[in-house]
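Containing compact mmCIF, N, CA and C atoms: work.txt.
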```txt
# COMPACT_ATOMS: atom_id res chain seq x y z
N MET F 291 -13.17 19.30 8.90
CA MET F 291 -12.34 18.28 8.27
C MET F 291 -12.73 18.19 6.80
N GLU F 292 -11.71 18.03 5.97
CA GLU F 292 -11.91 17.88 4.53
C GLU F 292 -11.17 16.63 4.07
N ILE F 293 -11.80 15.88 3.20
CA ILE F 293 -11.16 14.71 2.61
C ILE F 293 -11.01 14.97 1.12
N SER F 294 -9.78 14.79 0.62
CA SER F 294 -9.52 15.01 -0.80
C SER F 294 -8.43 14.06 -1.26
N SER F 295 -8.33 13.91 -2.57
CA SER F 295 -7.30 13.04 -3.15
C SER F 295 -5.93 13.67 -2.97
N ALA F 296 -4.96 12.82 -2.66
CA ALA F 296 -3.58 13.28 -2.57
C ALA F 296 -3.11 13.70 -3.96
N THR F 297 -2.22 14.69 -3.98
CA THR F 297 -1.60 15.15 -5.21
C THR F 297 -0.10 14.91 -5.11
N GLU F 298 0.61 15.19 -6.19
CA GLU F 298 2.06 15.03 -6.15
C GLU F 298 2.69 15.89 -5.07
N ALA F 299 2.08 17.01 -4.73
CA ALA F 299 2.59 17.87 -3.66
C ALA F 299 2.49 17.19 -2.30
N ASP F 300 1.72 16.12 -2.19
CA ASP F 300 1.52 15.41 -0.93
C ASP F 300 2.42 14.19 -0.77
N ILE F 301 3.33 13.96 -1.70
CA ILE F 301 4.15 12.74 -1.65
C ILE F 301 4.89 12.62 -0.33
N ARG F 302 5.50 13.67 0.15
CA ARG F 302 6.24 13.62 1.42
C ARG F 302 5.30 13.25 2.57
N THR F 303 4.12 13.83 2.59
CA THR F 303 3.14 13.53 3.64
C THR F 303 2.73 12.07 3.59
N VAL F 304 2.46 11.57 2.40
CA VAL F 304 2.10 10.16 2.25
C VAL F 304 3.24 9.27 2.72
N SER F 305 4.46 9.66 2.39
CA SER F 305 5.64 8.90 2.82
C SER F 305 5.71 8.78 4.34
N VAL F 306 5.51 9.89 5.02
CA VAL F 306 5.55 9.90 6.49
C VAL F 306 4.41 9.05 7.05
N LEU F 307 3.21 9.19 6.49
CA LEU F 307 2.07 8.40 6.97
C LEU F 307 2.30 6.91 6.77
N LEU F 308 2.89 6.52 5.64
CA LEU F 308 3.17 5.10 5.43
C LEU F 308 4.17 4.59 6.46
N GLY F 309 5.12 5.41 6.84
CA GLY F 309 6.05 5.04 7.92
C GLY F 309 5.31 4.86 9.23
N GLU F 310 4.38 5.75 9.52
CA GLU F 310 3.58 5.64 10.75
C GLU F 310 2.76 4.35 10.74
N ILE F 311 2.22 3.99 9.59
CA ILE F 311 1.45 2.76 9.48
C ILE F 311 2.33 1.56 9.81
N GLU F 312 3.54 1.55 9.25
CA GLU F 312 4.49 0.46 9.56
C GLU F 312 4.72 0.38 11.06
N GLY F 313 4.92 1.52 11.70
CA GLY F 313 5.11 1.55 13.15
C GLY F 313 3.90 1.03 13.89
N TYR F 314 2.71 1.37 13.43
CA TYR F 314 1.47 0.91 14.07
C TYR F 314 1.40 -0.61 14.07
N TYR F 315 1.89 -1.22 12.98
CA TYR F 315 1.84 -2.68 12.87
C TYR F 315 3.10 -3.36 13.41
N GLY F 316 3.93 -2.61 14.13
CA GLY F 316 5.07 -3.22 14.80
C GLY F 316 6.39 -3.12 14.06
N GLY F 317 6.39 -2.49 12.90
CA GLY F 317 7.63 -2.32 12.14
C GLY F 317 8.34 -1.04 12.52
N ASP F 318 9.27 -0.66 11.69
CA ASP F 318 10.00 0.59 11.89
C ASP F 318 9.22 1.75 11.30
N SER F 319 9.12 2.84 12.04
CA SER F 319 8.39 4.02 11.58
C SER F 319 9.27 4.88 10.67
N ILE F 320 9.70 4.29 9.58
CA ILE F 320 10.57 4.98 8.63
C ILE F 320 9.73 5.42 7.45
N PRO F 321 9.82 6.69 7.05
CA PRO F 321 9.06 7.13 5.88
C PRO F 321 9.34 6.25 4.67
N ALA F 322 8.32 6.05 3.86
CA ALA F 322 8.43 5.21 2.68
C ALA F 322 9.17 5.95 1.56
N ASP F 323 9.67 5.20 0.61
CA ASP F 323 10.42 5.74 -0.51
C ASP F 323 9.52 6.63 -1.38
N GLU F 324 9.90 7.89 -1.50
CA GLU F 324 9.07 8.85 -2.25
C GLU F 324 9.02 8.53 -3.73
N GLY F 325 10.07 7.97 -4.28
CA GLY F 325 10.06 7.58 -5.70
C GLY F 325 9.04 6.48 -5.96
N GLN F 326 8.96 5.52 -5.04
CA GLN F 326 7.97 4.45 -5.19
C GLN F 326 6.56 5.01 -5.09
N ILE F 327 6.36 5.96 -4.19
CA ILE F 327 5.04 6.58 -4.05
C ILE F 327 4.67 7.32 -5.32
N ARG F 328 5.60 8.12 -5.84
CA ARG F 328 5.35 8.87 -7.07
C ARG F 328 4.96 7.91 -8.21
N ALA F 329 5.71 6.84 -8.37
CA ALA F 329 5.42 5.88 -9.44
C ALA F 329 4.08 5.19 -9.22
N ALA F 330 3.79 4.80 -7.99
CA ALA F 330 2.56 4.06 -7.70
C ALA F 330 1.31 4.92 -7.82
N LEU F 331 1.42 6.18 -7.43
CA LEU F 331 0.22 7.03 -7.42
C LEU F 331 0.09 7.94 -8.63
N PHE F 332 1.23 8.35 -9.19
CA PHE F 332 1.18 9.38 -10.23
C PHE F 332 1.93 9.00 -11.50
N GLY F 333 2.33 7.74 -11.62
CA GLY F 333 3.04 7.27 -12.79
C GLY F 333 2.11 7.07 -13.98
N ALA F 334 2.66 6.53 -15.04
CA ALA F 334 1.89 6.31 -16.27
C ALA F 334 0.70 5.38 -16.06
N ARG F 335 0.85 4.46 -15.13
CA ARG F 335 -0.22 3.51 -14.82
C ARG F 335 -0.41 3.48 -13.30
N PRO F 336 -1.17 4.44 -12.75
CA PRO F 336 -1.33 4.52 -11.29
C PRO F 336 -1.91 3.22 -10.72
N HIS F 337 -1.38 2.83 -9.58
CA HIS F 337 -1.81 1.59 -8.92
C HIS F 337 -2.93 1.83 -7.91
N ALA F 338 -3.03 3.06 -7.41
CA ALA F 338 -3.99 3.32 -6.34
C ALA F 338 -4.32 4.80 -6.29
N THR F 339 -5.32 5.10 -5.49
CA THR F 339 -5.68 6.48 -5.15
C THR F 339 -5.57 6.61 -3.65
N VAL F 340 -5.03 7.73 -3.19
CA VAL F 340 -4.93 8.00 -1.76
C VAL F 340 -5.79 9.21 -1.44
N LEU F 341 -6.62 9.04 -0.42
CA LEU F 341 -7.39 10.15 0.13
C LEU F 341 -6.69 10.60 1.40
N LEU F 342 -6.65 11.90 1.62
CA LEU F 342 -6.11 12.46 2.85
C LEU F 342 -7.21 13.22 3.57
N ALA F 343 -7.26 13.06 4.89
CA ALA F 343 -8.17 13.84 5.72
C ALA F 343 -7.35 14.97 6.34
N ARG F 344 -7.86 16.18 6.22
CA ARG F 344 -7.15 17.35 6.74
C ARG F 344 -8.07 18.18 7.62
N ASP F 345 -7.47 18.75 8.63
CA ASP F 345 -8.12 19.75 9.46
C ASP F 345 -7.22 20.97 9.37
N GLY F 346 -7.53 21.87 8.45
CA GLY F 346 -6.62 22.97 8.17
C GLY F 346 -5.34 22.43 7.57
N ASP F 347 -4.21 22.76 8.19
CA ASP F 347 -2.91 22.27 7.71
C ASP F 347 -2.54 20.91 8.29
N ASP F 348 -3.31 20.42 9.25
CA ASP F 348 -3.02 19.13 9.88
C ASP F 348 -3.59 17.98 9.06
N VAL F 349 -2.74 17.02 8.73
CA VAL F 349 -3.20 15.81 8.04
C VAL F 349 -3.55 14.79 9.12
N LEU F 350 -4.79 14.31 9.09
CA LEU F 350 -5.31 13.43 10.13
C LEU F 350 -5.14 11.95 9.81
N GLY F 351 -5.04 11.62 8.52
CA GLY F 351 -4.91 10.23 8.15
C GLY F 351 -5.05 10.04 6.66
N LEU F 352 -5.02 8.77 6.25
CA LEU F 352 -5.15 8.46 4.83
C LEU F 352 -5.98 7.21 4.63
N ALA F 353 -6.53 7.12 3.44
CA ALA F 353 -7.19 5.91 2.97
C ALA F 353 -6.69 5.67 1.55
N SER F 354 -6.31 4.44 1.27
CA SER F 354 -5.77 4.07 -0.04
C SER F 354 -6.70 3.03 -0.65
N TYR F 355 -7.04 3.24 -1.92
CA TYR F 355 -7.93 2.28 -2.58
C TYR F 355 -7.55 2.08 -4.02
N THR F 356 -8.08 1.01 -4.56
CA THR F 356 -7.94 0.67 -5.97
C THR F 356 -9.26 0.04 -6.41
N PHE F 357 -9.35 -0.29 -7.66
CA PHE F 357 -10.56 -0.93 -8.17
C PHE F 357 -10.28 -2.37 -8.52
N LEU F 358 -11.27 -3.22 -8.32
CA LEU F 358 -11.17 -4.64 -8.66
C LEU F 358 -12.17 -4.97 -9.76
N TRP F 359 -11.72 -5.80 -10.65
CA TRP F 359 -12.60 -6.31 -11.69
C TRP F 359 -12.13 -7.69 -12.07
N PRO F 360 -12.99 -8.64 -12.25
CA PRO F 360 -14.41 -8.58 -11.97
C PRO F 360 -14.67 -8.77 -10.48
N ALA F 361 -15.71 -8.14 -10.00
CA ALA F 361 -16.09 -8.29 -8.60
C ALA F 361 -17.16 -9.37 -8.47
N ALA F 362 -18.16 -9.28 -9.28
CA ALA F 362 -19.21 -10.30 -9.38
C ALA F 362 -19.73 -10.20 -10.80
N GLY F 363 -19.63 -11.28 -11.54
CA GLY F 363 -19.95 -11.17 -12.96
C GLY F 363 -18.97 -10.21 -13.60
N ALA F 364 -19.47 -9.17 -14.25
CA ALA F 364 -18.61 -8.16 -14.86
C ALA F 364 -18.61 -6.86 -14.07
N ASP F 365 -19.15 -6.90 -12.84
CA ASP F 365 -19.19 -5.71 -11.99
C ASP F 365 -17.81 -5.36 -11.46
N SER F 366 -17.66 -4.11 -11.07
CA SER F 366 -16.43 -3.63 -10.44
C SER F 366 -16.70 -3.31 -8.97
N SER F 367 -15.62 -3.33 -8.20
CA SER F 367 -15.74 -2.91 -6.80
C SER F 367 -14.56 -2.02 -6.45
N LEU F 368 -14.74 -1.21 -5.44
CA LEU F 368 -13.66 -0.41 -4.88
C LEU F 368 -13.07 -1.23 -3.75
N TYR F 369 -11.75 -1.39 -3.75
CA TYR F 369 -11.08 -2.16 -2.71
C TYR F 369 -10.26 -1.21 -1.83
N LEU F 370 -10.65 -1.13 -0.57
CA LEU F 370 -9.93 -0.33 0.41
C LEU F 370 -8.73 -1.14 0.88
N LYS F 371 -7.54 -0.65 0.61
CA LYS F 371 -6.33 -1.36 1.02
C LYS F 371 -5.86 -0.93 2.40
N GLU F 372 -5.94 0.37 2.66
CA GLU F 372 -5.42 0.88 3.94
C GLU F 372 -6.26 2.05 4.40
N LEU F 373 -6.62 2.03 5.67
CA LEU F 373 -7.27 3.16 6.31
C LEU F 373 -6.51 3.41 7.60
N TYR F 374 -5.95 4.61 7.72
CA TYR F 374 -5.12 4.93 8.88
C TYR F 374 -5.46 6.32 9.37
N VAL F 375 -5.70 6.43 10.67
CA VAL F 375 -5.94 7.71 11.31
C VAL F 375 -4.87 7.90 12.37
N ARG F 376 -4.22 9.05 12.33
CA ARG F 376 -3.17 9.34 13.31
C ARG F 376 -3.76 9.31 14.72
N GLU F 377 -2.94 8.91 15.66
CA GLU F 377 -3.39 8.69 17.03
C GLU F 377 -4.12 9.91 17.61
N ALA F 378 -3.61 11.10 17.41
CA ALA F 378 -4.22 12.30 17.98
C ALA F 378 -5.60 12.60 17.37
N ALA F 379 -5.90 12.02 16.21
CA ALA F 379 -7.16 12.30 15.53
C ALA F 379 -8.18 11.17 15.68
N ARG F 380 -7.81 10.11 16.37
CA ARG F 380 -8.72 8.97 16.50
C ARG F 380 -9.92 9.31 17.39
N ARG F 381 -11.01 8.63 17.08
CA ARG F 381 -12.27 8.78 17.82
C ARG F 381 -12.87 10.18 17.62
N ARG F 382 -12.59 10.76 16.43
CA ARG F 382 -13.14 12.07 16.09
C ARG F 382 -13.95 12.01 14.81
N GLY F 383 -14.27 10.80 14.34
CA GLY F 383 -15.09 10.65 13.16
C GLY F 383 -14.33 10.62 11.84
N VAL F 384 -13.00 10.60 11.92
CA VAL F 384 -12.20 10.61 10.69
C VAL F 384 -12.41 9.33 9.90
N ALA F 385 -12.34 8.18 10.54
CA ALA F 385 -12.52 6.91 9.83
C ALA F 385 -13.91 6.81 9.22
N ARG F 386 -14.91 7.26 9.94
CA ARG F 386 -16.28 7.25 9.39
C ARG F 386 -16.37 8.15 8.16
N ALA F 387 -15.70 9.30 8.22
CA ALA F 387 -15.70 10.22 7.08
C ALA F 387 -14.99 9.58 5.89
N PHE F 388 -13.89 8.86 6.15
CA PHE F 388 -13.21 8.14 5.07
C PHE F 388 -14.15 7.11 4.45
N MET F 389 -14.85 6.36 5.26
CA MET F 389 -15.74 5.32 4.73
C MET F 389 -16.84 5.95 3.87
N ALA F 390 -17.37 7.09 4.29
CA ALA F 390 -18.38 7.77 3.49
C ALA F 390 -17.78 8.24 2.16
N ALA F 391 -16.56 8.78 2.20
CA ALA F 391 -15.90 9.24 0.98
C ALA F 391 -15.60 8.07 0.04
N LEU F 392 -15.25 6.93 0.60
CA LEU F 392 -15.00 5.74 -0.22
C LEU F 392 -16.29 5.26 -0.89
N ASN F 393 -17.39 5.29 -0.15
CA ASN F 393 -18.68 4.92 -0.75
C ASN F 393 -19.03 5.86 -1.90
N GLU F 394 -18.77 7.16 -1.72
CA GLU F 394 -19.04 8.13 -2.77
C GLU F 394 -18.15 7.87 -3.99
N ALA F 395 -16.87 7.58 -3.75
CA ALA F 395 -15.95 7.29 -4.86
C ALA F 395 -16.39 6.04 -5.61
N ALA F 396 -16.84 5.04 -4.87
CA ALA F 396 -17.30 3.80 -5.51
C ALA F 396 -18.53 4.07 -6.37
N THR F 397 -19.46 4.82 -5.84
CA THR F 397 -20.67 5.14 -6.60
C THR F 397 -20.32 5.94 -7.86
N ALA F 398 -19.44 6.93 -7.70
CA ALA F 398 -19.05 7.76 -8.85
C ALA F 398 -18.35 6.94 -9.93
N ALA F 399 -17.64 5.88 -9.53
CA ALA F 399 -16.93 5.03 -10.48
C ALA F 399 -17.81 3.90 -11.04
N GLY F 400 -19.06 3.82 -10.59
CA GLY F 400 -19.96 2.78 -11.08
C GLY F 400 -19.78 1.44 -10.40
N CYS F 401 -19.10 1.43 -9.26
CA CYS F 401 -18.91 0.18 -8.52
C CYS F 401 -20.18 -0.16 -7.75
N LEU F 402 -20.39 -1.45 -7.56
CA LEU F 402 -21.57 -1.89 -6.83
C LEU F 402 -21.28 -2.18 -5.37
N ARG F 403 -19.98 -2.19 -5.00
CA ARG F 403 -19.66 -2.47 -3.60
C ARG F 403 -18.26 -1.96 -3.26
N VAL F 404 -18.04 -1.89 -1.95
CA VAL F 404 -16.72 -1.56 -1.39
C VAL F 404 -16.30 -2.79 -0.60
N GLU F 405 -15.05 -3.20 -0.79
CA GLU F 405 -14.55 -4.39 -0.11
C GLU F 405 -13.24 -4.05 0.59
N TRP F 406 -12.94 -4.80 1.66
CA TRP F 406 -11.68 -4.62 2.37
C TRP F 406 -11.46 -5.79 3.31
N THR F 407 -10.26 -5.87 3.84
CA THR F 407 -9.96 -6.84 4.89
C THR F 407 -9.56 -6.05 6.13
N ALA F 408 -9.62 -6.70 7.26
CA ALA F 408 -9.18 -6.09 8.52
C ALA F 408 -8.44 -7.16 9.31
N ASP F 409 -7.39 -6.72 9.96
CA ASP F 409 -6.62 -7.65 10.79
C ASP F 409 -7.44 -8.06 12.01
N THR F 410 -7.42 -9.34 12.32
CA THR F 410 -8.19 -9.83 13.48
C THR F 410 -7.62 -9.30 14.78
N ASP F 411 -6.36 -8.86 14.78
CA ASP F 411 -5.77 -8.31 16.00
C ASP F 411 -5.82 -6.78 16.03
N ASN F 412 -6.82 -6.20 15.36
CA ASN F 412 -7.02 -4.76 15.35
C ASN F 412 -8.44 -4.46 15.84
N PRO F 413 -8.68 -4.61 17.15
CA PRO F 413 -10.03 -4.42 17.68
C PRO F 413 -10.66 -3.07 17.37
N PRO F 414 -9.92 -1.95 17.37
CA PRO F 414 -10.57 -0.69 17.03
C PRO F 414 -11.16 -0.69 15.61
N ALA F 415 -10.44 -1.27 14.66
CA ALA F 415 -10.97 -1.32 13.29
C ALA F 415 -12.20 -2.22 13.24
N LEU F 416 -12.13 -3.37 13.87
CA LEU F 416 -13.27 -4.28 13.86
C LEU F 416 -14.49 -3.65 14.52
N ALA F 417 -14.26 -2.90 15.59
CA ALA F 417 -15.37 -2.22 16.27
C ALA F 417 -15.98 -1.15 15.38
N LEU F 418 -15.15 -0.43 14.65
CA LEU F 418 -15.66 0.59 13.73
C LEU F 418 -16.57 -0.04 12.68
N TYR F 419 -16.10 -1.10 12.04
CA TYR F 419 -16.89 -1.71 10.97
C TYR F 419 -18.19 -2.30 11.52
N GLU F 420 -18.12 -2.85 12.73
CA GLU F 420 -19.34 -3.36 13.35
C GLU F 420 -20.30 -2.21 13.64
N ALA F 421 -19.78 -1.09 14.14
CA ALA F 421 -20.62 0.07 14.43
C ALA F 421 -21.24 0.65 13.16
N LEU F 422 -20.57 0.48 12.04
CA LEU F 422 -21.12 0.93 10.77
C LEU F 422 -22.17 -0.03 10.22
N GLY F 423 -22.34 -1.16 10.91
CA GLY F 423 -23.33 -2.14 10.49
C GLY F 423 -22.86 -3.07 9.38
N VAL F 424 -21.55 -3.17 9.20
CA VAL F 424 -20.99 -4.02 8.16
C VAL F 424 -20.73 -5.40 8.76
N GLU F 425 -21.26 -6.42 8.10
CA GLU F 425 -21.06 -7.79 8.58
C GLU F 425 -19.78 -8.39 7.98
N GLN F 426 -19.11 -9.18 8.78
CA GLN F 426 -17.95 -9.90 8.28
C GLN F 426 -18.41 -10.97 7.30
N HIS F 427 -17.63 -11.15 6.25
CA HIS F 427 -17.90 -12.21 5.29
C HIS F 427 -17.00 -13.39 5.60
N GLN F 428 -17.58 -14.54 5.70
CA GLN F 428 -16.83 -15.77 5.96
C GLN F 428 -16.61 -16.48 4.63
N GLY F 429 -15.73 -17.43 4.63
CA GLY F 429 -15.59 -18.28 3.47
C GLY F 429 -14.42 -17.94 2.56
N LYS F 430 -13.65 -16.92 2.88
CA LYS F 430 -12.47 -16.61 2.08
C LYS F 430 -11.25 -16.71 2.97
N VAL F 431 -10.17 -17.15 2.39
CA VAL F 431 -8.89 -17.24 3.08
C VAL F 431 -7.94 -16.29 2.38
N PHE F 432 -7.23 -15.51 3.13
CA PHE F 432 -6.30 -14.53 2.58
C PHE F 432 -4.95 -15.19 2.34
N TYR F 433 -4.39 -14.97 1.15
CA TYR F 433 -3.08 -15.51 0.80
C TYR F 433 -2.17 -14.36 0.40
N ARG F 434 -0.85 -14.58 0.58
CA ARG F 434 0.13 -13.61 0.14
C ARG F 434 1.39 -14.35 -0.25
N VAL F 435 1.96 -13.96 -1.37
CA VAL F 435 3.23 -14.53 -1.82
C VAL F 435 4.09 -13.37 -2.29
N SER F 436 5.35 -13.39 -1.94
CA SER F 436 6.27 -12.37 -2.44
C SER F 436 6.80 -12.79 -3.80
N VAL F 437 6.96 -11.79 -4.68
CA VAL F 437 7.48 -12.09 -6.03
C VAL F 437 8.78 -11.36 -6.26
```
The structure given in the file should be rewritten as structure tokens.
Amino acid sequence: MEISSATEADIRTVSVLLGEIEGYYGGDSIPADEGQIRAALFGARPHATVLLARDGDDVLGLASYTFLWPAAGADSSLYLKELYVREAARRRGVARAFMAALNEAATAAGCLRVEWTADTDNPPALALYEALGVEQHQGKVFYRVSV
């Protein structure tokens, strides 16, 4: 298995994976708009970085992250927005490999921590983070508003 950053040649693959993620969360498994992906990942002001896990020609999943500032004082952190492993590749160490790659990316960028949220109704994700020895942080409430 190899983990590497998505390139413009991967836009279609990212589109399909984003559709699969929607399906996983109960929505329609429709591929995402490729123009939006191109603008978000490869435009003049990229919004995120996507890592893809591959086993030869098979794409096993993706992890999407961005950087936050300030994280604490003037420190920066890497924020994991999405980690998704395709069903056929689950329980094969892909998510653990993504987490290791994210830690490496954070270190390379000078970040002092990696942060993320997890849905309380996603027991496999919660079990993974617990198995990695990561403690849940209490005291924050998640908000979302559409603009």
Selected residue, from F:Tyr314, F:Phe432, F:Tyr369, F:Trp406, that lies nearest to F:Ser354 when counting all atoms listed in the file
F:Tyr369
As a list in words, please: the residues near F:Leu308 (cut-off 6 Å, all atoms listed in the file, same-chain neighbours under 4 positions excluded).
Thr303, Val304, Glu312, Ile320, Pro321 and Ala322 of chain F
With N, CA and C atoms retained, could you export that selection as a JSON list (two decimals), in the frame of the given file?
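Contents of selection.json, freshly written:
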```json
[["chain", "number", "residue", "atom", "x", "y", "z"],
["F", 303, "THR", "N", 4.12, 13.83, 2.59],
["F", 303, "THR", "CA", 3.14, 13.53, 3.64],
["F", 303, "THR", "C", 2.73, 12.07, 3.59],
["F", 304, "VAL", "N", 2.46, 11.57, 2.40],
["F", 304, "VAL", "CA", 2.10, 10.16, 2.25],
["F", 304, "VAL", "C", 3.24, 9.27, 2.72],
["F", 312, "GLU", "N", 3.54, 1.55, 9.25],
["F", 312, "GLU", "CA", 4.49, 0.46, 9.56],
["F", 312, "GLU", "C", 4.72, 0.38, 11.06],
["F", 320, "ILE", "N", 9.70, 4.29, 9.58],
["F", 320, "ILE", "CA", 10.57, 4.98, 8.63],
["F", 320, "ILE", "C", 9.73, 5.42, 7.45],
["F", 321, "PRO", "N", 9.82, 6.69, 7.05],
["F", 321, "PRO", "CA", 9.06, 7.13, 5.88],
["F", 321, "PRO", "C", 9.34, 6.25, 4.67],
["F", 322, "ALA", "N", 8.32, 6.05, 3.86],
["F", 322, "ALA", "CA", 8.43, 5.21, 2.68],
["F", 322, "ALA", "C", 9.17, 5.95, 1.56]]
```
Give me, as an mmCIF file with N, CA and C atoms, in the frame of the given file, all polymer residues having an atom no more than 6 Å from stretch 331-340 of chain F, counting only C-alpha atoms and skipping those fewer than 2 positions away in the same chain.
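So the final result, stored in result.cif, reads:
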```
data_model
loop_
_atom_site.group_PDB
_atom_site.id
_atom_site.type_symbol
_atom_site.label_atom_id
_atom_site.label_comp_id
_atom_site.auth_asym_id
_atom_site.auth_seq_id
_atom_site.Cartn_x
_atom_site.Cartn_y
_atom_site.Cartn_z
ATOM 1 N N SER F 295 -8.330 13.910 -2.570
ATOM 2 C CA SER F 295 -7.300 13.040 -3.150
ATOM 3 C C SER F 295 -5.930 13.670 -2.970
ATOM 4 N N ALA F 296 -4.960 12.820 -2.660
ATOM 5 C CA ALA F 296 -3.580 13.280 -2.570
ATOM 6 C C ALA F 296 -3.110 13.700 -3.960
ATOM 7 N N ILE F 327 6.360 5.960 -4.190
ATOM 8 C CA ILE F 327 5.040 6.580 -4.050
ATOM 9 C C ILE F 327 4.670 7.320 -5.320
ATOM 10 N N ARG F 328 5.600 8.120 -5.840
ATOM 11 C CA ARG F 328 5.350 8.870 -7.070
ATOM 12 C C ARG F 328 4.960 7.910 -8.210
ATOM 13 N N ALA F 329 5.710 6.840 -8.370
ATOM 14 C CA ALA F 329 5.420 5.880 -9.440
ATOM 15 C C ALA F 329 4.080 5.190 -9.220
ATOM 16 N N ALA F 353 -6.530 7.120 3.440
ATOM 17 C CA ALA F 353 -7.190 5.910 2.970
ATOM 18 C C ALA F 353 -6.690 5.670 1.550
ATOM 19 N N SER F 354 -6.310 4.440 1.270
ATOM 20 C CA SER F 354 -5.770 4.070 -0.040
ATOM 21 C C SER F 354 -6.700 3.030 -0.650
ATOM 22 N N TYR F 355 -7.040 3.240 -1.920
ATOM 23 C CA TYR F 355 -7.930 2.280 -2.580
ATOM 24 C C TYR F 355 -7.550 2.080 -4.020
ATOM 25 N N THR F 356 -8.080 1.010 -4.560
ATOM 26 C CA THR F 356 -7.940 0.670 -5.970
ATOM 27 C C THR F 356 -9.260 0.040 -6.410
#
```
Around the point (-8.4, 10.6, 2.1) (coordinates from the file), which residues reach within 5 Å if we count only N, CA and C atoms? Answer as a list in words.
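Neighbouring residues, ordered by chain and number, come to Ile293, Ser294, Val340, Leu341, Leu342, Ala343, Leu352 and Ala353 of chain F.
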Neighbour list for F:Gly309 as a list in words, cut-off 12 Å, only C-alpha atoms, skip fewer than 6 positions in-chain:
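Within the cut-off, the hits are Arg302, Thr303, Tyr315, Gly316, Gly317, Asp318, Ser319, Ile320, Pro321, Ala322, Asp323, Glu324, Tyr374 and Arg376 of chain F.
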Could you save the residues just selected, with N, CA and C atoms, as a PDB file, in the coordinates of the input?
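Listing of out-v1.pdb after writing:
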```pdb
ATOM      1  N   ARG F 302       5.500  13.670   0.150  1.00  0.00           N
ATOM      2  CA  ARG F 302       6.240  13.620   1.420  1.00  0.00           C
ATOM      3  C   ARG F 302       5.300  13.250   2.570  1.00  0.00           C
ATOM      4  N   THR F 303       4.120  13.830   2.590  1.00  0.00           N
ATOM      5  CA  THR F 303       3.140  13.530   3.640  1.00  0.00           C
ATOM      6  C   THR F 303       2.730  12.070   3.590  1.00  0.00           C
ATOM      7  N   TYR F 315       1.890  -1.220  12.980  1.00  0.00           N
ATOM      8  CA  TYR F 315       1.840  -2.680  12.870  1.00  0.00           C
ATOM      9  C   TYR F 315       3.100  -3.360  13.410  1.00  0.00           C
ATOM     10  N   GLY F 316       3.930  -2.610  14.130  1.00  0.00           N
ATOM     11  CA  GLY F 316       5.070  -3.220  14.800  1.00  0.00           C
ATOM     12  C   GLY F 316       6.390  -3.120  14.060  1.00  0.00           C
ATOM     13  N   GLY F 317       6.390  -2.490  12.900  1.00  0.00           N
ATOM     14  CA  GLY F 317       7.630  -2.320  12.140  1.00  0.00           C
ATOM     15  C   GLY F 317       8.340  -1.040  12.520  1.00  0.00           C
ATOM     16  N   ASP F 318       9.270  -0.660  11.690  1.00  0.00           N
ATOM     17  CA  ASP F 318      10.000   0.590  11.890  1.00  0.00           C
ATOM     18  C   ASP F 318       9.220   1.750  11.300  1.00  0.00           C
ATOM     19  N   SER F 319       9.120   2.840  12.040  1.00  0.00           N
ATOM     20  CA  SER F 319       8.390   4.020  11.580  1.00  0.00           C
ATOM     21  C   SER F 319       9.270   4.880  10.670  1.00  0.00           C
ATOM     22  N   ILE F 320       9.700   4.290   9.580  1.00  0.00           N
ATOM     23  CA  ILE F 320      10.570   4.980   8.630  1.00  0.00           C
ATOM     24  C   ILE F 320       9.730   5.420   7.450  1.00  0.00           C
ATOM     25  N   PRO F 321       9.820   6.690   7.050  1.00  0.00           N
ATOM     26  CA  PRO F 321       9.060   7.130   5.880  1.00  0.00           C
ATOM     27  C   PRO F 321       9.340   6.250   4.670  1.00  0.00           C
ATOM     28  N   ALA F 322       8.320   6.050   3.860  1.00  0.00           N
ATOM     29  CA  ALA F 322       8.430   5.210   2.680  1.00  0.00           C
ATOM     30  C   ALA F 322       9.170   5.950   1.560  1.00  0.00           C
ATOM     31  N   ASP F 323       9.670   5.200   0.610  1.00  0.00           N
ATOM     32  CA  ASP F 323      10.420   5.740  -0.510  1.00  0.00           C
ATOM     33  C   ASP F 323       9.520   6.630  -1.380  1.00  0.00           C
ATOM     34  N   GLU F 324       9.900   7.890  -1.500  1.00  0.00           N
ATOM     35  CA  GLU F 324       9.070   8.850  -2.250  1.00  0.00           C
ATOM     36  C   GLU F 324       9.020   8.530  -3.730  1.00  0.00           C
ATOM     37  N   TYR F 374      -5.950   4.610   7.720  1.00  0.00           N
ATOM     38  CA  TYR F 374      -5.120   4.930   8.880  1.00  0.00           C
ATOM     39  C   TYR F 374      -5.460   6.320   9.370  1.00  0.00           C
ATOM     40  N   ARG F 376      -4.220   9.050  12.330  1.00  0.00           N
ATOM     41  CA  ARG F 376      -3.170   9.340  13.310  1.00  0.00           C
ATOM     42  C   ARG F 376      -3.760   9.310  14.720  1.00  0.00           C
TER      43      ARG F 376
END
```
When you draw a straight line from atom CA of F:Thr297 to atom CA of F:Arg381, how long is it in Å?
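Answer for the atom CA of F:Thr297 to atom CA of F:Arg381 separation: 26.2 Å.
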Extract the full set of alpha helix (DSSP H) residues from stretch 303-390 of chain F according to DSSP on the backbone, and format it as a PyMOL selection string.
chain F and resi 303-314+324-332+384-390
Need the shell around F:Arg403: protein/DNA/RNA residues with any atom at most 7 Å away, counting only N, CA and C atoms. Skip same-chain ones fewer than 2 positions apart. Format as a ChimeraX atom specification?
/F:366-369,396,400-401,405
Find, counting only N, CA and C atoms, the residue in F:Ala361, F:Val349, F:Leu392, F:Val404 that gets nearest to F:Ala379.
F:Val349
For atom CA of F:Gln426 and atom CA of F:Thr407, the interatomic separation in Å (one decimal):
9.2 Å
